[in-house]
Structure formats: structure tokens, C-alpha cells
Amino acid sequence: MQLINFRLSGRFAHFLRAEASINALSYPVPPRTVILGIIGAVLGLPKDQPQAVLEPANIAISGKLPITHWHRVNLRKDPPAMLPYLIKKTHKSDKNTAPEKTTRLRQEWLFEPTYDIWCSIPEPYHGQLEERLRDRQWHFTPSLGLSEMMADIEYLGSDECEQLPKGIHNIQSVCQQQEATLVTDQIFKKELSILSLHMPRTVTFDRVFSHCAYFLERDAMPIPVETERAYRVDGQVITFL
């Protein structure tokens, strides 16, 4: 299997958690559905189509957890109200706002996010994606969760990957919990910080999501796990989302 490797980065990012309410929490890494959307933007696929058209897709991601910051945002309603020229630091969220007023919410922003991504998608999209990434030509401007948070994409290469036999492997990407068993003694010895995360994995044309549980390491250090779903590509060992 041929995998395209590219680096996704930007100044800010916000990947809204499915369980978020008035406080807009962010996933620390883009979910699989978001990555498919970014690939669709590069290819010029209409909104909500990439997550279905590009299946079956193999995607892996690696990266340190970014620093986060809570930011207050104004959400405009219809008909919209004019945004204030001055915003005081002591301004609080409005509990009951009139239909024409803006609503102020708190969003968790990621600072300077950088992720390495490997992907394989069906043809003819796979070849088109590699050509566009190599030439830095995307149809729509890719973003990191919000349209205002523009993303930069750097093409890193394309390599064959090989599936490894079942055993203990040091995984250098985010991995599915159902496909991996943590080797706890090695994790404690290396003093790794393992996070458990529940993120969207697939979505239908009718916006019905399926979710999956993942393991990731805070500083993108290799995670020792026992698995039969490990792959080696360009000297690195990964698993797919």
C-alpha cells in the first residue's frame, strides 16, 4: 500500500468536541472525519462529501499536544446585531439573549498545532491528492476546524508501507484502543503520558457519526502496545485511525 505523507500546521486550530455545550472544548488532534474534510478541500470535493466519497481510507496521525487557550467569541444570530467596538475584560456570557443579539461563548483554541499525517485513499483521488500536495495547489483553502483558521500543508513524500506481524511494537501515531493493548511496564519505565480520547471516525451523508476510542502520547513519544495492526513506513511504525 502506498501512503502519502504530509505535514498539517497552522497558527490556531479548534476541533469542536461532540460532547461540548456552552464551553466549546477542542480535540487535541483533528479527528479522522476532519482530516478527510481537509483532503476533500484540497481535491475540490463539495462540503460533506469527502467523508463518504473517499472511503475506504487509511489515515494515521502523529503530533505533540498543542498548548491551549480559552478565547471568548461572539456568535452572530439572524438577523445579526452589530458587534461592539470595545470588549471589556470583565464582559460575561449572556444567559438569555434576544434573537437579534449576539451570543458570547468560550472556545478552546490550540496554539501552533503541527501534525504529521499518512493517508491512502481510493483512486483516482489518491494520485490527484499527491500531485496537488506536491505542487501546493488546493481547490479550497484548507482550515483547522474553523474557516478563519487557515492551514498550511507541506508535502513530505510517498512511501510503501508493510504490515508487521502481531507482537509488541512502539507505535509513533495515534492508535485505536480496540486494536492495541498497552504494555504498561514499559510505559511506566519510560514515564510516558498516555491519554485516552473518544473521537468521531466516520460520518454518513445524513450526518450520522460513528466514534472510536484512541490512545495518544502527550509529546508524540512512541507508545509500546501489543497489536496485529501495526505498519512500517519510511522507518516509522504507525497504526490507522
# chains A, B, ... in the order shown; residues from 1 in each chain; ligands from 1
>>> select_by_dssp(residues="range 79-198 of chain A", states="strand (DSSP E)", output="number ranges by chain")
A: 103-111, 114-120, 143-144, 146-163, 167-171, 175-176, 181-182, 194-198
>>> closest_atom_pairs(of="range 89-158 of chain A", to="range 40-63 of chain A", cutoff="6 Å", atoms="only C-alpha atoms", output="Markdown table")
| residue | atom | partner | partner_atom | distance |
| --- | --- | --- | --- | --- |
| A:Tyr115 | CA | A:Gly63 | CA | 4.6 |
| A:Asp116 | CA | A:Ser62 | CA | 5.2 |
| A:Ile117 | CA | A:Ile61 | CA | 4.5 |
| A:Trp118 | CA | A:Ala60 | CA | 5.1 |
| A:Cys119 | CA | A:Ile59 | CA | 4.4 |
| A:Ser120 | CA | A:Asn58 | CA | 5.1 |
| A:Ile121 | CA | A:Ala57 | CA | 4.7 |
| A:Trp138 | CA | A:Val42 | CA | 4.1 |
| A:His139 | CA | A:Gly44 | CA | 4.7 |
| A:Phe140 | CA | A:Ala41 | CA | 4.9 |
| A:Pro142 | CA | A:Ala41 | CA | 5.8 |
>>> select_by_dssp(residues="range 134-213 of chain A", states="alpha helix (DSSP H)", output="list of chain:residue names")
A:Arg134, A:Asp135, A:Thr184, A:Asp185, A:Gln186, A:Ile187, A:Phe188, A:Lys189, A:Lys190
>>> write_last_selection(atoms="C-alpha atoms", output="compact mmCIF listing (two decimals), in the first residue's frame")
# COMPACT_ATOMS: atom_id res chain seq x y z
CA ARG A 134 3.46 18.29 -4.29
CA ASP A 135 2.58 21.39 -6.32
CA THR A 184 2.13 -0.89 30.98
CA ASP A 185 5.52 -1.90 32.44
CA GLN A 186 7.34 -0.26 29.51
CA ILE A 187 5.07 2.79 29.71
CA PHE A 188 5.89 3.29 33.41
CA LYS A 189 9.59 2.70 32.80
CA LYS A 190 9.69 5.33 30.04
>>> closest_residue(among="A:Glu228, A:Glu162, A:Glu148, A:Glu154", to="Thr181 in chain A", atoms="only C-alpha atoms")
A:Glu228
>>> closest_residue(among="A:Ser26, A:Thr204, A:Gln137, A:Gln176", to="Leu65 in chain A", atoms="only C-alpha atoms")
A:Ser26
>>> residues_around(residues="Pro222 in chain A", least_positions_apart="2", cutoff="6 Å", atoms="only C-alpha atoms", output="list of chain:residue names")
A:Asn170, A:Ile171, A:Gln172
>>> closest_residue(among="A:Gly157, A:Pro31, A:Pro165, A:Gly235", to="Arg7 in chain A", atoms="only C-alpha atoms")
A:Gly157
